[in-house]
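Trainee: Right, I'll just put the structure down here and ask away after.
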Amino acid sequence: MILYDHPLSSYGQKVKIALREKGIAFTCVLPDDFGTGRQDTEFAAANPRTEVPVLIVEDGQAIFDSTIILDYLDERWPDSPLMPRDPLVRARQREVEEIADGPYEAVNWGYGEILWFRRAEGALADDMCHVAATDTRVVQAWLTKRLGDAPWFGGETFGRADAAVAPMVNRSVHYGLAPVAGSALALWHERVSARPAVAETFAEFDAAAAHMAQAADHYRSGGRRREYRDHRLEWMIRSGGVPVVLDGLREDTIRFSWPG
């Protein structure tokens with residue numbers, strides 16, 4: 001199978017962790033037109049939103065959206081499920097995944113706009129970083145409470161919620177916003193990072209992150225445009241980043257979700 005992916009994509013990492021946990025072979029491909037918003041390419045034909053990840057499966061069929069892909073993987077390979085049978089536990093895992101994919105991803109993404117892509121500088125950057133740090137602490141506190149004394153978010157077994165949260169917490173660690181030392185979430189991050197499927201995925205993230213200083217100029221020049229979609233745009237506005245959005249519109253270095 002082919003996975004359209006970018007190693008920095010937290011959603012892509014979620015899918016790669018799931019594939020590796022299940023022992024499913026795949027090949028990663030970074031689309032040449034990633035970040036351009038073009039609609040005349042094979043990538044756009046596979047996903048009109050031109051977002052990663054996209055999984056190309058049997059007979060060239062494409063499945064997009066990380067949550068839908070994970071649904072497919074459990075239904076297609078049910079012998080190694082990432083979701084438990086109990087309906088309430090399943091619902092709880094979906095709740096954790098929703099927090100990871102929504103509020104947590106927005107904070108991480110917004111912080112990356114400042115740290116990696118230098119969208120804001122000076123006092124504005126300081127203020128936005130402060131909001132990001134505060135929001136990270138709030139979300140991590142919620143996750144810590146939800147994890148409780150269990151080793152995994154689904155209880156005794158690694159599951160879908162763990163695959164979703166792992167890239168988010170790991171990016172916070174990369175940013176210097178790690179969970180409180182010794183907390184349940186910090187110990188969980190140590191456990192999850194030791195899993196082979198996760199360790200391989202995190203290594204790919206680290207290798208790509210090391211080159212982000214060079215990529216920033218490419219994105220700021222309009223060679224690629226960052227997607228300010230729904231929850232991300234909300235965070236940019238709430239954090240005081242309206243000038244960043246307006247500059248991006250004026251300079252044509254940002255884009256919004258399809259079909260815009």
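By convention here, the chains of the structure tokens are called A, B, ... in the order presented, each chain's residues are numbered starting at 1, and ligands are numbered starting at 1 in the order presented.
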Pick out each residue of segment 6-82 of chain A that DSSP on the backbone tags as helix (DSSP H, G or I); I need them as an NGL selection string.
Mentor: :A and (10-22 or 42-46 or 58-60 or 66-76)
Trainee: For the interface of segment 103-184 of chain A with segment 240-249 of chain A (cut-off 7 Å, counting only C-alpha atoms), please tabulate each contacting residue of segment 103-184 of chain A alongside its nearest pair of atoms and their separation in Å to one decimal, rows sorted by chain and increasing number, as a Markdown table.
Mentor:
| residue | atom | partner | partner_atom | distance |
| --- | --- | --- | --- | --- |
| A:Arg119 | CA | A:Val244 | CA | 6.1 |
| A:Ala120 | CA | A:Val244 | CA | 6.5 |
| A:Met128 | CA | A:Gly240 | CA | 6.6 |
Trainee: Selected residues, N, CA and C atoms, written as a PDB file, in the first residue's frame, please.
Mentor:
ATOM      1  N   ARG A 119       6.183  33.127  11.532  1.00  0.00           N
ATOM      2  CA  ARG A 119       5.048  33.946  11.093  1.00  0.00           C
ATOM      3  C   ARG A 119       4.876  35.183  11.967  1.00  0.00           C
ATOM      4  N   ALA A 120       5.390  35.122  13.195  1.00  0.00           N
ATOM      5  CA  ALA A 120       5.291  36.260  14.111  1.00  0.00           C
ATOM      6  C   ALA A 120       6.627  36.438  14.801  1.00  0.00           C
ATOM      7  N   MET A 128       1.816  34.934  21.648  1.00  0.00           N
ATOM      8  CA  MET A 128       1.230  33.722  21.089  1.00  0.00           C
ATOM      9  C   MET A 128       1.872  32.475  21.678  1.00  0.00           C
TER      10      MET A 128
END
Trainee: Find the residues around segment 137-147 of chain A up to 7 Å (only C-alpha atoms counted), leave out those fewer than 5 positions away in its own chain, and share them as a PyMOL selection string.
Mentor: chain A and resi 104+152-153+179+184-185
Trainee: Compile the contact shell of Ile2 of chain A as a ChimeraX atom specification: residues with an atom at most 7 Å away, counting only C-alpha atoms, same-chain residues fewer than 2 positions apart removed.
Mentor: /A:4,26-29,55-56
Trainee: Can you spit out the residues from that selection as a tab-separated table (two decimals), in the first residue's frame, using C-alpha atoms?
Mentor:
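again35.tsv, written as the output of this step:
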chain	number	residue	atom	x	y	z
A	4	TYR	CA	0.68	9.88	1.03
A	26	PHE	CA	3.32	0.26	3.30
A	27	THR	CA	5.44	2.80	1.45
A	28	CYS	CA	5.40	6.51	2.28
A	29	VAL	CA	5.22	9.05	-0.54
A	55	LEU	CA	-3.94	5.60	2.03
A	56	ILE	CA	-3.96	3.97	-1.40
Trainee: For Arg94 of chain A, list every protein, DNA or RNA residue within 10 Å, evaluated using only C-alpha atoms, and leave out those in the same chain fewer than 6 positions away; present the list as a PyMOL selection string.
Mentor: chain A and resi 67+83+88+100+160-161+164
Trainee: Go through A:Ser257, A:Ser183, A:Thr134, A:Ser172 one by one, measure the shortest atom-to-atom distance of each to Gly148 of chain A using only C-alpha atoms, and give the residue with the smallest value.
Mentor: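 Closest candidate: A:Ser183.
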Trainee: Would you work out the distance separating atom CA of His6 of chain A from atom CA of His211 of chain A, expressed in Å to one decimal?
Mentor: 13.0 Å
Trainee: Measuring between only C-alpha atoms, which one of A:Gln13, A:Ser193, A:Ser239, A:Thr157 shows the shortest distance to His130 of chain A?
Mentor: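 Once distances to His130 of chain A are computed over only C-alpha atoms, the minimum belongs to A:Ser239.
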Trainee: Pick out the residues sitting within 10 Å of Asp217 of chain A, and hand them over as a PyMOL selection string; count only C-alpha atoms, and ignore anything fewer than 6 positions along from it in its own chain.
Mentor: chain A and resi 116-118+223-224
Trainee: Check the smallest atom-to-atom distance from each of A:Val15, A:Ala46, A:Arg92, A:Pro31 to Asp71 of chain A using only C-alpha atoms, then report the winner.
Mentor: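 Closest residue, counting only C-alpha atoms: A:Val15.
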Trainee: Could you check the closest approach to Tyr11 of chain A for each of A:Val165, A:Leu177, A:Ala194, A:Leu115 and tell me which residue wins, using only C-alpha atoms?
Mentor: A:Val165
Trainee: As a compact mmCIF listing (two decimals) with all heavy atoms, in the first residue's frame, please: the residues near Phe202 of chain A (cut-off 9 Å, only C-alpha atoms, same-chain neighbours under 2 positions excluded).
Mentor:
# COMPACT_ATOMS: atom_id res chain seq x y z
N PRO A 7 6.29 13.54 7.08
CA PRO A 7 6.73 13.03 8.39
C PRO A 7 6.43 13.95 9.56
O PRO A 7 6.43 13.50 10.71
CB PRO A 7 8.24 12.84 8.21
CG PRO A 7 8.61 13.65 7.01
CD PRO A 7 7.41 13.65 6.13
N GLN A 13 1.40 10.59 11.26
CA GLN A 13 2.07 9.76 12.26
C GLN A 13 1.09 8.81 12.93
O GLN A 13 1.41 7.65 13.21
CB GLN A 13 2.74 10.65 13.31
CG GLN A 13 3.93 11.45 12.79
CD GLN A 13 4.49 12.36 13.86
OE1 GLN A 13 5.00 11.90 14.87
NE2 GLN A 13 4.36 13.67 13.66
N PRO A 167 1.70 11.38 18.75
CA PRO A 167 2.38 12.44 17.99
C PRO A 167 2.19 13.82 18.59
O PRO A 167 3.07 14.69 18.46
CB PRO A 167 1.72 12.36 16.60
CG PRO A 167 1.10 11.00 16.55
CD PRO A 167 0.69 10.69 17.94
N ASN A 170 4.44 14.10 21.76
CA ASN A 170 5.84 14.09 21.34
C ASN A 170 6.24 15.43 20.72
O ASN A 170 7.36 15.90 20.91
CB ASN A 170 6.08 12.96 20.35
CG ASN A 170 7.55 12.71 20.12
OD1 ASN A 170 8.28 12.38 21.04
ND2 ASN A 170 8.00 12.89 18.88
N SER A 193 6.89 5.79 23.67
CA SER A 193 8.06 6.05 22.83
C SER A 193 8.94 4.82 22.67
O SER A 193 9.72 4.73 21.72
CB SER A 193 8.90 7.19 23.44
OG SER A 193 8.16 8.39 23.50
N ALA A 197 6.86 0.51 16.87
CA ALA A 197 6.07 1.21 15.86
C ALA A 197 6.11 2.72 16.08
O ALA A 197 6.16 3.52 15.13
CB ALA A 197 4.62 0.73 15.88
N VAL A 198 6.10 3.11 17.34
CA VAL A 198 6.12 4.53 17.68
C VAL A 198 7.53 5.10 17.55
O VAL A 198 7.72 6.20 17.02
CB VAL A 198 5.59 4.75 19.11
CG1 VAL A 198 5.63 6.23 19.49
CG2 VAL A 198 4.15 4.21 19.23
N ALA A 199 8.52 4.35 18.01
CA ALA A 199 9.90 4.82 17.94
C ALA A 199 10.32 5.08 16.50
O ALA A 199 10.98 6.09 16.20
CB ALA A 199 10.83 3.79 18.58
N GLU A 200 9.94 4.21 15.58
CA GLU A 200 10.28 4.41 14.17
C GLU A 200 9.61 5.66 13.62
O GLU A 200 10.22 6.44 12.87
CB GLU A 200 9.86 3.18 13.35
CG GLU A 200 10.25 3.26 11.90
CD GLU A 200 9.94 1.99 11.12
OE1 GLU A 200 9.45 1.01 11.74
OE2 GLU A 200 10.16 1.96 9.89
N GLU A 204 11.39 9.40 12.31
CA GLU A 204 11.11 10.09 11.05
C GLU A 204 10.75 11.54 11.29
O GLU A 204 11.16 12.44 10.55
CB GLU A 204 9.99 9.37 10.31
CG GLU A 204 10.38 7.97 9.83
CD GLU A 204 9.19 7.13 9.42
OE1 GLU A 204 8.03 7.55 9.69
OE2 GLU A 204 9.41 6.05 8.83
N PHE A 205 9.97 11.78 12.34
CA PHE A 205 9.63 13.15 12.72
C PHE A 205 10.89 13.94 13.06
O PHE A 205 11.08 15.08 12.60
CB PHE A 205 8.67 13.15 13.90
CG PHE A 205 8.47 14.49 14.54
CD1 PHE A 205 7.54 15.38 14.05
CD2 PHE A 205 9.24 14.87 15.64
CE1 PHE A 205 7.36 16.63 14.64
CE2 PHE A 205 9.07 16.11 16.24
CZ PHE A 205 8.12 17.00 15.74
N ASP A 206 11.76 13.38 13.88
CA ASP A 206 12.98 14.08 14.29
C ASP A 206 13.85 14.45 13.10
O ASP A 206 14.40 15.55 13.04
CB ASP A 206 13.78 13.20 15.27
CG ASP A 206 13.10 13.04 16.62
OD1 ASP A 206 12.25 13.88 16.95
OD2 ASP A 206 13.42 12.07 17.33
N ALA A 207 13.98 13.51 12.16
CA ALA A 207 14.81 13.77 10.98
C ALA A 207 14.25 14.92 10.15
O ALA A 207 15.00 15.76 9.64
CB ALA A 207 14.92 12.50 10.14
Trainee: Measuring between only C-alpha atoms, which one of A:Ala178, A:Ile114, A:Leu124, A:Ala133 shows the shortest distance to Ala216 of chain A?
Mentor: A:Ile114
Trainee: Pick out the closest residue to Ile99 of chain A from this set: A:Glu121, A:Thr136, A:Lys16, A:His174. Count only C-alpha atoms.
Mentor: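 Closest candidate: A:Thr136.
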Trainee: Kindly give the distance, in Å, that separates atom CA of Leu8 of chain A and atom CA of Arg49 of chain A, rounded to a single decimal.
Mentor: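 A separation of 17.7 Å between them.
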Trainee: Write down as a ChimeraX atom specification the residues of segment 7-252 of chain A whose backbone DSSP state falls under strand (DSSP E or B).
Mentor: /A:27-29,54-56,62-64,152,155,226-227
Trainee: What would the file look like if the residues just selected were written as an mmCIF file, in the first residue's frame with N, CA, C and O atoms?
Mentor:
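Okay, this is what ended up in out_26.cif:
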data_model
loop_
_atom_site.group_PDB
_atom_site.id
_atom_site.type_symbol
_atom_site.label_atom_id
_atom_site.label_comp_id
_atom_site.auth_asym_id
_atom_site.auth_seq_id
_atom_site.Cartn_x
_atom_site.Cartn_y
_atom_site.Cartn_z
ATOM 1 N N THR A 27 4.376 1.916 1.902
ATOM 2 C CA THR A 27 5.441 2.802 1.445
ATOM 3 C C THR A 27 4.960 4.234 1.532
ATOM 4 O O THR A 27 3.867 4.558 1.049
ATOM 5 N N CYS A 28 5.762 5.098 2.145
ATOM 6 C CA CYS A 28 5.402 6.509 2.276
ATOM 7 C C CYS A 28 5.813 7.283 1.023
ATOM 8 O O CYS A 28 6.902 7.072 0.492
ATOM 9 N N VAL A 29 4.952 8.171 0.592
ATOM 10 C CA VAL A 29 5.223 9.047 -0.542
ATOM 11 C C VAL A 29 4.821 10.466 -0.152
ATOM 12 O O VAL A 29 3.699 10.699 0.306
ATOM 13 N N VAL A 54 -3.225 10.085 3.102
ATOM 14 C CA VAL A 54 -4.133 9.384 2.195
ATOM 15 C C VAL A 54 -3.559 7.989 2.000
ATOM 16 O O VAL A 54 -2.379 7.843 1.697
ATOM 17 N N LEU A 55 -4.386 6.981 2.185
ATOM 18 C CA LEU A 55 -3.941 5.601 2.031
ATOM 19 C C LEU A 55 -4.488 5.042 0.722
ATOM 20 O O LEU A 55 -5.699 5.067 0.484
ATOM 21 N N ILE A 56 -3.575 4.586 -0.137
ATOM 22 C CA ILE A 56 -3.958 3.967 -1.399
ATOM 23 C C ILE A 56 -3.982 2.457 -1.173
ATOM 24 O O ILE A 56 -2.955 1.843 -0.880
ATOM 25 N N ALA A 62 -8.468 5.108 -2.948
ATOM 26 C CA ALA A 62 -7.879 6.038 -1.979
ATOM 27 C C ALA A 62 -8.818 6.265 -0.808
ATOM 28 O O ALA A 62 -10.030 6.417 -0.994
ATOM 29 N N ILE A 63 -8.244 6.292 0.384
ATOM 30 C CA ILE A 63 -8.992 6.608 1.597
ATOM 31 C C ILE A 63 -8.281 7.786 2.271
ATOM 32 O O ILE A 63 -7.081 7.728 2.518
ATOM 33 N N PHE A 64 -9.020 8.858 2.542
ATOM 34 C CA PHE A 64 -8.396 9.996 3.219
ATOM 35 C C PHE A 64 -9.060 10.258 4.567
ATOM 36 O O PHE A 64 -10.134 9.746 4.851
ATOM 37 N N TRP A 152 -2.417 2.600 29.491
ATOM 38 C CA TRP A 152 -2.790 3.108 28.174
ATOM 39 C C TRP A 152 -4.152 3.787 28.257
ATOM 40 O O TRP A 152 -4.908 3.574 29.214
ATOM 41 N N GLY A 155 -6.923 1.449 28.705
ATOM 42 C CA GLY A 155 -6.816 0.532 29.839
ATOM 43 C C GLY A 155 -5.514 -0.234 29.815
ATOM 44 O O GLY A 155 -4.429 0.350 29.803
ATOM 45 N N ARG A 226 0.712 27.147 3.758
ATOM 46 C CA ARG A 226 0.204 26.399 4.904
ATOM 47 C C ARG A 226 -1.320 26.507 4.942
ATOM 48 O O ARG A 226 -1.885 27.562 4.665
ATOM 49 N N GLU A 227 -1.977 25.405 5.348
ATOM 50 C CA GLU A 227 -3.436 25.370 5.346
ATOM 51 C C GLU A 227 -3.998 25.804 6.702
ATOM 52 O O GLU A 227 -3.840 25.109 7.701
#
Trainee: Could you jot down the atom CA of Gly154 of chain A to atom CA of Ser80 of chain A separation for me, Å, one decimal place?
Mentor: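 Atom-to-atom, atom CA of Gly154 of chain A to atom CA of Ser80 of chain A, that is 14.6 Å.
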